[in-house]
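Chemist: Please see the structure below; I have some questions.
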Amino acid sequence: MSTIRKILAIRAVREFLRIFLAVFAALVLGFLITLAVSKQPIEAYKAFLLGPVSRFNRFGDWIEESITLILLGLAVSLAFRAKQFSLGQDGQMLMGALVSGSIALFVPLPFLLRVPLALLAAMLVGFIWGYIPGYLKAHLDANEIVSTLMLNTIALKIYDYFLIFWIKPPGAGYNASDFFPVEGKLPTFLPALPFIADLQKRFADHTNITIMLYLMIIAIVVAFFLMFRTPFGYELRTVGANIKFARYGGIDTKKTIILVFAVSGIFAGLAGAHLAMGIHTKLIANITVGLGFEGIVVAIMARNNPLFVPIAGLAYGYLRAGADVMERASDVSREMVLVIQAIIILLVTAERILPMVQQVITARRQAAAGAAEMTEGENNVV
Amino acid sequence: MTALIEMRDIVKVYPNGVVANDRVNFSIERGEIHALVGENGAGKTTLMKILYGMEQPTSGQIFLDGKAQHFRSSHDAIAAGIGMVHQNFMLVPSFTVAENVVLGQEPTRRGFIEAKRATEITEQLAQQYGLRVEADAIVDSINVGMRQRVEILKTLYRGAQILILDEPTAVLTPQETQELFNAVHALVQQGKTVIFITHKLREVKEISDRVSVMRGGKMMGTLPTVEATREGLARMMVGRDVFLTVNKPPCKRGKRVMEVRDLSYITETGRTMLHKVSFNIYAGEILGIAGVEGNGQTELVEVLTGLRSAASGEARIGGKVVTNRTPREVRMASVAHIPEDRLTNGLALTASIDENLIVDRYFLPPYRKGLVIDYKQVESMGRELIKKFDIRTPTGKLPVNSLSGGNMQKVIVAREFSSSPELLIAAQPTRGIDVGATEFIRDQLVQKRTEGTAILLVSADLAEVMSLSDRIIVLYEGEITGVFPDASKVSEEEIGLYMLGLRRQTREEMEAYL
């Protein structure tokens with residue numbers, strides 16, 4: 001075995017390489033399009049490529065959005081690993097935002113109780129909003145794609161109803177709540193310690209990066225641990241690999257399906273709390289707009305593996321943030337920006353890109369090594 | 001005279017370093033039925049995929065009628081008159097038989113497919129070669145035997161002169177096998193040439209003109225079938241003497257393990273598949289169920305293992321009812337189950353060998369420690385079982401689909417045997433696997449029984465039921481029609497009469513022996 005092949009054999013390396021290659025190919029294609037539609041293609045593409053790290057606030061936008069994307073990616077990974085195609089993250093997020101936002105606004109508890117209560121409530125409501133389609137699928141054989149989409153609509157209408165008739169200040173001319181009081185906001189992720197006071201202030205002034213960053217890291221670890229170390233994770237993966245085998249082996253497949261949906265919902269519910277208490281710090285109409293299905297892209301890029309979700313989430317978040325900057329800072333229209341972004345996603349989610357490259361490498365090696373390898377390989381016959 | 005096909009010095013090295021074919025020479029005469037035998041993983045399928053253009057040889061040449069050929073894809077091979085019927089059928093289930101036959105080369109008029117012509121073509125081909133199919137039936141609704149005939153028709157429609165059949169009988173019942181053999185003879189009579197891959201030696205003797213044996217990627221030799229004996233072929237395949245007959249010590253029957261009383265099963269569509277079946281299974285015996293497939297065996301096994309619900313009646317283990325319980329409850333009552341369809345029920349193909357081994361125990365100590373599964377423990381158990389059951393793999397972390405059929409079956413056997421059950425229900429334990437693995441699994445069954453396990457054996461292979469069982473029950477149309485307390489004192493012919501429903505014992509006659 002050559003060293004190249006040994007390194008390629010490590011899964012994490014392969015995954016990283018796969019995403020890297022796909023992104024690279026996509027960026028080249030994106031540039032070609034920019035060349036065609038922009039009068040200053042270099043400037044425009046630079047805005048796209050470097051935009052998210054060019055200013056403090058843009059950097060903040062990138063990280064904040066990535067936190068949402070990563071939490072959603074975890075939610076989708078858990079469901080898709082079990083081959084349960086839950087598309088209900090939008091609804092779970094909305095419910096999470098509504099419940100956590102209401103607690104942040106109205107429950108008169110001190111900060112140390114109010115924030116954890118709001119976060120827990122968001123996770124609980126996400127759990128419930130996942131439990132419902134899980135139950136419908138397991139016991140009534142209801143197609144989860146239909147049921148989760150319907151529940152999204154229901155959640156959206158519930159959210160709007162409460163926002164408009166209960167939460168928004170009377171007489172306000174817009175559909176939004178007041179800003180949350182300080183007891184209901186997530187604190188910034190850097191504590192105000194003397195030696196980093198300057199840095200802390202800059203982050204606090206220009207970004208909304210909060211302690212949700214740490215919660216996200218915990219969530220990644222928990223999701224990984226849950227999926228690969230616990231009996232529930234074994235059940236989840238086995239149901240995903242072959243549900244008939246799972247049943248034959250004694251796994252309670254109905255219970256597993258319900259729990260998969262519900263546990264997946266916890267992560268989406270938390271993403272909702274992040275939107276409400278971290279990014280916007282108020283409840284607004286269309287709070288999840290544009291994010292509902294992005295968890296699917298992240299999960300597919302990460303091959304439904306929680307360990308790869310942060311890589312995929314940050315990369316995808318960067319793309320979205322870069323596209324935003326390009327739209328604002330160059331002559332490329334929003335439509336073209338979205339086209340470039342879509343092409344990149346298409347290429348990144350194409351599963352065969354790395355295998356193709358590998359085939360080329362293997363073919364070249366075989367041509368070169370020829371007879372020597374054959375004798376070496378003979379001992380490997382199984 | 002030059003051979004029709006000549007494969008010379010074929011070498012195939014896969015990118016992962018496995019040498020599947022090692023300087024293989026293989027030649028086929030026009031108009032012969034040539035059997036290609038070897039254990040799973042011997043390189044038969046690879047060799048045929050090279051001939052069919054699906055794989056490119058690392059080196060070596062193929063000659064057709066003395067002319068060197070270079071097949072870059074199966075399109076080239078099809079154009080040269082070679083057709084292949086794969087082990088796993090490649091049909092569109094929602095299309096009709098005729099649509100599948102003409103798929104890709106549909107008869108058209110002004111750009112529209114002529115469905116009627118397709119039906120006519122199919123019917124005409126079917127008649128010409130004696131391959132009975134219903135041209136207008138949806139593929140999803142027809143049985144395995146007919147699907148296979150559709151596959152053969154597909155290759156004939158594309159003008160195949162040489163047909164490669166890859167283990168065609170692995171999925172067939174004895175009756176369907178006979179029908180296939182008749183069709184193969186008809187094909188040869190009309191000038192076709194057939195390469196027949198199998199590992200059933202009985203079939204080699206029955207159908208082929210010549211036979212070639214492969215082992216470990218090498219061609220061991222070709223000989224006329226009349227000169228071959230089953231024992232000789234088995235030795236060439238495995239590389240040592242193989243015992244095709246089972247040696248077992250006398251049966252020492254122990255206590256009653258399972259009691260089945262008046263068990264009935266009715267399908268969702270209202271068909272009665274089991275009718276008031278009653279019997280006992282005792283420790284230390286193998287109880288064989290004989291019967292033509294489709295007479296309730298599958299249903300019986302699945303009701304007893306918790307995969308289906310009984311309509312009435314019950315089964316008990318030590319006084320505890322185990323029917324209409326979950327599969328986990330049945331397993332916890334010390335029942336193990338080798339399922340008849342290993343790819344659907346018995347394994348999760350994309351999961352690792354280790355993970356396939358723990359499905360019945362991951363929640364129990366020592367595998368479960370507190371909130372987590374102790375994967376070190378799982379790994380060491382995997383290593384132990386891989387060694388004990390001779391599963392050919394470098395590590396238990398590989399996915400099961402990297403194994404050959406025989407080794408997949410050993411994974412199931414390893415799991416089910418190692419749970420030390422009181423009752424082992426084995427359905428088709430050796431179907432479609434090679435001689436070596438078959439011998440191994442039969443030995444293991446006999447050993448378990450001698451150690452005191454009760455075994456219920458269901459097999460479509462009557463010879464297997466006869467040679468392994470201590471006691472035999474015959475199922476016909478969901479009812480027990482006969483019981484034979486000593487399997488060694490009854491002939492295949494006699495059991496055959498009961499299997500076909502031509503003879504049946506009265507309740508009184510059977511009572512004492514059930």
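Here, A, B, ... name the chains of the structure tokens in the order displayed, residue numbers run from 1 inside each chain, and ligands are numbered from 1 in the same displayed order.
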List every residue of segment 206-287 of chain A that DSSP, applied to the backbone of this structure, assigns to helix (DSSP H, G or I), and report them as a ChimeraX atom specification.
Modeler: /A:206,212-229,231-241,243-249,253-280
Chemist: Distance table requested - chain B against chain A, cut-off 8 Å, only C-alpha atoms: one row per qualifying residue with the closest atom pair and its distance in Å to one decimal, ordered by chain and rising residue number, as a tab-separated table.
Modeler:
```
residue	atom	partner	partner_atom	distance
B:Val13	CA	A:Met374	CA	6.9
B:Pro15	CA	A:Thr362	CA	6.7
B:Gly17	CA	A:Gly377	CA	5.1
B:Val18	CA	A:Val381	CA	5.5
B:Val19	CA	A:Glu378	CA	5.8
B:Ala20	CA	A:Val381	CA	7.4
B:Gly41	CA	A:Val382	CA	7.6
B:Gly216	CA	A:Val381	CA	6.9
B:Gly217	CA	A:Val381	CA	7.9
B:Leu307	CA	A:Tyr248	CA	6.8
B:Thr326	CA	A:Gly250	CA	7.2
B:Pro327	CA	A:Gly250	CA	4.8
B:Arg328	CA	A:Gly250	CA	3.9
B:Glu329	CA	A:Gly250	CA	7.7
B:Arg331	CA	A:Gly250	CA	7.3
B:Thr344	CA	A:Lys244	CA	6.6
B:Asn345	CA	A:Phe245	CA	4.5
B:Gly346	CA	A:Phe245	CA	5.7
B:Leu347	CA	A:Phe245	CA	5.8
B:Ala348	CA	A:Asn242	CA	5.2
B:Leu349	CA	A:Ala241	CA	7.3
B:Thr350	CA	A:Ala241	CA	6.3
B:Ala351	CA	A:Ala241	CA	6.6
B:Val359	CA	A:Gly249	CA	5.4
B:Asp360	CA	A:Gly249	CA	5.4
B:Tyr362	CA	A:Pro231	CA	6.8
B:Phe363	CA	A:Pro231	CA	6.4
B:Arg368	CA	A:Pro231	CA	7.7
B:Leu371	CA	A:Thr230	CA	6.3
B:Val372	CA	A:Thr230	CA	4.3
B:Ile373	CA	A:Thr230	CA	5.4
B:Asp374	CA	A:Arg229	CA	7.8
B:Tyr375	CA	A:Arg229	CA	7.8
B:Arg392	CA	A:Val382	CA	6.7
B:Thr393	CA	A:Val382	CA	7.4
```
Chemist: Generate the output file for the selected residues, N, CA and C atoms, as an mmCIF file, in the first residue's frame.
Modeler:
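The resulting out_5.cif:
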```cif
data_model
loop_
_atom_site.group_PDB
_atom_site.id
_atom_site.type_symbol
_atom_site.label_atom_id
_atom_site.label_comp_id
_atom_site.auth_asym_id
_atom_site.auth_seq_id
_atom_site.Cartn_x
_atom_site.Cartn_y
_atom_site.Cartn_z
ATOM 1 N N VAL B 13 -6.898 -7.642 -11.079
ATOM 2 C CA VAL B 13 -6.537 -7.162 -9.747
ATOM 3 C C VAL B 13 -7.441 -5.978 -9.449
ATOM 4 N N PRO B 15 -8.683 -2.618 -7.347
ATOM 5 C CA PRO B 15 -7.908 -1.512 -6.754
ATOM 6 C C PRO B 15 -7.524 -1.754 -5.297
ATOM 7 N N GLY B 17 -6.403 -4.386 -4.127
ATOM 8 C CA GLY B 17 -5.313 -5.346 -4.057
ATOM 9 C C GLY B 17 -5.743 -6.798 -4.127
ATOM 10 N N VAL B 18 -7.055 -7.064 -4.134
ATOM 11 C CA VAL B 18 -7.516 -8.445 -4.217
ATOM 12 C C VAL B 18 -7.323 -8.953 -5.642
ATOM 13 N N VAL B 19 -6.677 -10.117 -5.762
ATOM 14 C CA VAL B 19 -6.523 -10.731 -7.077
ATOM 15 C C VAL B 19 -7.701 -11.664 -7.291
ATOM 16 N N ALA B 20 -8.638 -11.251 -8.115
ATOM 17 C CA ALA B 20 -9.856 -12.044 -8.292
ATOM 18 C C ALA B 20 -9.646 -13.125 -9.336
ATOM 19 N N GLY B 41 -16.517 -16.438 -3.982
ATOM 20 C CA GLY B 41 -15.252 -15.728 -3.902
ATOM 21 C C GLY B 41 -14.128 -16.407 -4.676
ATOM 22 N N GLY B 216 -9.873 -19.949 -5.500
ATOM 23 C CA GLY B 216 -8.970 -18.863 -5.101
ATOM 24 C C GLY B 216 -8.468 -18.050 -6.282
ATOM 25 N N GLY B 217 -9.338 -17.784 -7.262
ATOM 26 C CA GLY B 217 -8.950 -16.953 -8.390
ATOM 27 C C GLY B 217 -8.243 -17.701 -9.507
ATOM 28 N N LEU B 307 -42.446 -12.507 14.172
ATOM 29 C CA LEU B 307 -42.492 -11.582 13.044
ATOM 30 C C LEU B 307 -43.889 -11.482 12.437
ATOM 31 N N THR B 326 -43.467 -9.732 20.808
ATOM 32 C CA THR B 326 -42.510 -9.063 19.915
ATOM 33 C C THR B 326 -41.304 -9.977 19.678
ATOM 34 N N PRO B 327 -40.574 -9.738 18.571
ATOM 35 C CA PRO B 327 -39.381 -10.553 18.333
ATOM 36 C C PRO B 327 -38.408 -10.504 19.515
ATOM 37 N N ARG B 328 -38.325 -9.356 20.194
ATOM 38 C CA ARG B 328 -37.406 -9.292 21.336
ATOM 39 C C ARG B 328 -37.868 -10.227 22.445
ATOM 40 N N GLU B 329 -39.183 -10.235 22.719
ATOM 41 C CA GLU B 329 -39.692 -11.119 23.781
ATOM 42 C C GLU B 329 -39.421 -12.581 23.439
ATOM 43 N N ARG B 331 -36.995 -13.703 21.542
ATOM 44 C CA ARG B 331 -35.559 -13.947 21.704
ATOM 45 C C ARG B 331 -35.188 -14.068 23.187
ATOM 46 N N THR B 344 -32.654 -9.836 3.381
ATOM 47 C CA THR B 344 -33.738 -8.959 3.813
ATOM 48 C C THR B 344 -33.822 -8.882 5.325
ATOM 49 N N ASN B 345 -33.834 -10.049 5.971
ATOM 50 C CA ASN B 345 -34.068 -10.067 7.404
ATOM 51 C C ASN B 345 -32.800 -10.238 8.221
ATOM 52 N N GLY B 346 -31.894 -11.059 7.727
ATOM 53 C CA GLY B 346 -30.820 -11.537 8.583
ATOM 54 C C GLY B 346 -29.668 -10.588 8.793
ATOM 55 N N LEU B 347 -29.513 -9.612 7.903
ATOM 56 C CA LEU B 347 -28.336 -8.752 7.974
ATOM 57 C C LEU B 347 -28.683 -7.318 7.600
ATOM 58 N N ALA B 348 -27.870 -6.395 8.134
ATOM 59 C CA ALA B 348 -27.887 -5.026 7.617
ATOM 60 C C ALA B 348 -26.601 -4.893 6.806
ATOM 61 N N LEU B 349 -26.747 -4.923 5.490
ATOM 62 C CA LEU B 349 -25.570 -5.095 4.628
ATOM 63 C C LEU B 349 -24.553 -3.969 4.740
ATOM 64 N N THR B 350 -25.033 -2.753 4.951
ATOM 65 C CA THR B 350 -24.085 -1.639 4.982
ATOM 66 C C THR B 350 -23.483 -1.435 6.369
ATOM 67 N N ALA B 351 -24.036 -2.118 7.370
ATOM 68 C CA ALA B 351 -23.471 -2.005 8.715
ATOM 69 C C ALA B 351 -22.298 -2.977 8.854
ATOM 70 N N VAL B 359 -27.006 -7.378 17.299
ATOM 71 C CA VAL B 359 -28.382 -6.872 17.256
ATOM 72 C C VAL B 359 -29.267 -7.498 18.338
ATOM 73 N N ASP B 360 -28.945 -8.705 18.778
ATOM 74 C CA ASP B 360 -29.791 -9.340 19.790
ATOM 75 C C ASP B 360 -29.254 -9.137 21.209
ATOM 76 N N TYR B 362 -27.056 -5.975 22.196
ATOM 77 C CA TYR B 362 -26.403 -4.691 22.457
ATOM 78 C C TYR B 362 -26.914 -4.025 23.732
ATOM 79 N N PHE B 363 -28.111 -4.400 24.164
ATOM 80 C CA PHE B 363 -28.722 -3.742 25.327
ATOM 81 C C PHE B 363 -28.470 -4.509 26.620
ATOM 82 N N ARG B 368 -23.570 -3.525 27.137
ATOM 83 C CA ARG B 368 -24.069 -2.229 27.556
ATOM 84 C C ARG B 368 -23.522 -1.916 28.933
ATOM 85 N N LEU B 371 -25.048 4.066 30.239
ATOM 86 C CA LEU B 371 -25.771 4.693 29.141
ATOM 87 C C LEU B 371 -25.222 4.323 27.771
ATOM 88 N N VAL B 372 -24.048 3.711 27.742
ATOM 89 C CA VAL B 372 -23.403 3.533 26.443
ATOM 90 C C VAL B 372 -23.172 2.059 26.119
ATOM 91 N N ILE B 373 -22.852 1.838 24.854
ATOM 92 C CA ILE B 373 -22.443 0.507 24.418
ATOM 93 C C ILE B 373 -20.921 0.460 24.520
ATOM 94 N N ASP B 374 -20.414 -0.599 25.127
ATOM 95 C CA ASP B 374 -18.969 -0.739 25.276
ATOM 96 C C ASP B 374 -18.415 -1.377 24.000
ATOM 97 N N TYR B 375 -17.935 -0.524 23.092
ATOM 98 C CA TYR B 375 -17.528 -1.044 21.789
ATOM 99 C C TYR B 375 -16.244 -1.859 21.839
ATOM 100 N N ARG B 392 -14.389 -15.252 6.879
ATOM 101 C CA ARG B 392 -13.182 -14.798 6.183
ATOM 102 C C ARG B 392 -13.183 -13.296 5.983
ATOM 103 N N THR B 393 -12.599 -12.607 6.947
ATOM 104 C CA THR B 393 -12.496 -11.151 6.853
ATOM 105 C C THR B 393 -11.320 -10.702 7.703
#
```
Chemist: Ranking B:Asn182, B:Thr193, B:Asn407, B:Ser488 by minimum distance to Leu163 of chain B and counting only C-alpha atoms, which one comes first?
Modeler: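 Nearest candidate to Leu163 of chain B out of B:Asn182, B:Thr193, B:Asn407, B:Ser488: B:Thr193.
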Chemist: Any chance you could list, as number ranges by chain, the residues in segment 171-375 of chain B that come up strand (DSSP E or B) when DSSP is run on the backbone?
Modeler: B: 193-198, 210-215, 218-224, 256-266, 272-282, 286-290, 312-317, 320-321, 335-338, 352, 368-369, 372-373
Chemist: Please provide the set of residues having any atom within 10 Å of Ile300 of chain A, restricted to only C-alpha atoms, with same-chain residues fewer than 2 positions apart removed, written as a list of chain:residue names.
Modeler: A:Gly73, A:Val76, A:Ser77, A:Phe80, A:Gly295, A:Ile296, A:Val297, A:Val298, A:Ala302, A:Arg303, A:Asn304, A:Asn305, A:Val309, A:Ala312, A:Val348, A:Thr349, A:Ala350, A:Glu351
Chemist: If we count only C-alpha atoms and set the cut-off at 6 Å, which residues sit around Pro224 of chain B, ignoring sequence neighbours fewer than 2 positions away in its own chain? Please answer as a PyMOL selection string.
Modeler: chain B and resi 210+226-227
Chemist: Within 12 Å of Phe20 of chain A, counting only C-alpha atoms, which residues show up once you throw out same-chain ones fewer than 5 positions away? Write them as a PyMOL selection string, please.
Modeler: chain A and resi 13-15+25-27+301+311-312+315-316+344+347-349+353-354
Chemist: With C-alpha atoms kept, could you save the residues just selected as a PDB file, in the first residue's frame?
Modeler:
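In the end it all went to result_5.pdb:
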```
ATOM      1  CA  VAL A  13      -9.501  12.721   5.428  1.00  0.00           C
ATOM      2  CA  ARG A  14     -11.577  11.402   2.573  1.00  0.00           C
ATOM      3  CA  GLU A  15     -14.591  13.421   3.666  1.00  0.00           C
ATOM      4  CA  ALA A  25     -14.471  22.940  -8.583  1.00  0.00           C
ATOM      5  CA  ALA A  26     -17.580  24.918  -7.758  1.00  0.00           C
ATOM      6  CA  LEU A  27     -15.612  28.096  -7.072  1.00  0.00           C
ATOM      7  CA  MET A 301     -22.677  17.550   2.684  1.00  0.00           C
ATOM      8  CA  ILE A 311     -17.235  21.626   8.691  1.00  0.00           C
ATOM      9  CA  ALA A 312     -20.160  21.539   6.298  1.00  0.00           C
ATOM     10  CA  ALA A 315     -18.440  26.111   4.757  1.00  0.00           C
ATOM     11  CA  TYR A 316     -22.035  26.546   3.730  1.00  0.00           C
ATOM     12  CA  ILE A 344     -21.753  25.232  -5.619  1.00  0.00           C
ATOM     13  CA  LEU A 347     -21.373  20.144  -6.895  1.00  0.00           C
ATOM     14  CA  VAL A 348     -20.688  19.746  -3.200  1.00  0.00           C
ATOM     15  CA  THR A 349     -23.577  17.351  -2.736  1.00  0.00           C
ATOM     16  CA  ILE A 353     -16.606  13.573  -7.092  1.00  0.00           C
ATOM     17  CA  LEU A 354     -13.966  12.022  -4.870  1.00  0.00           C
TER      18      LEU A 354
END
```
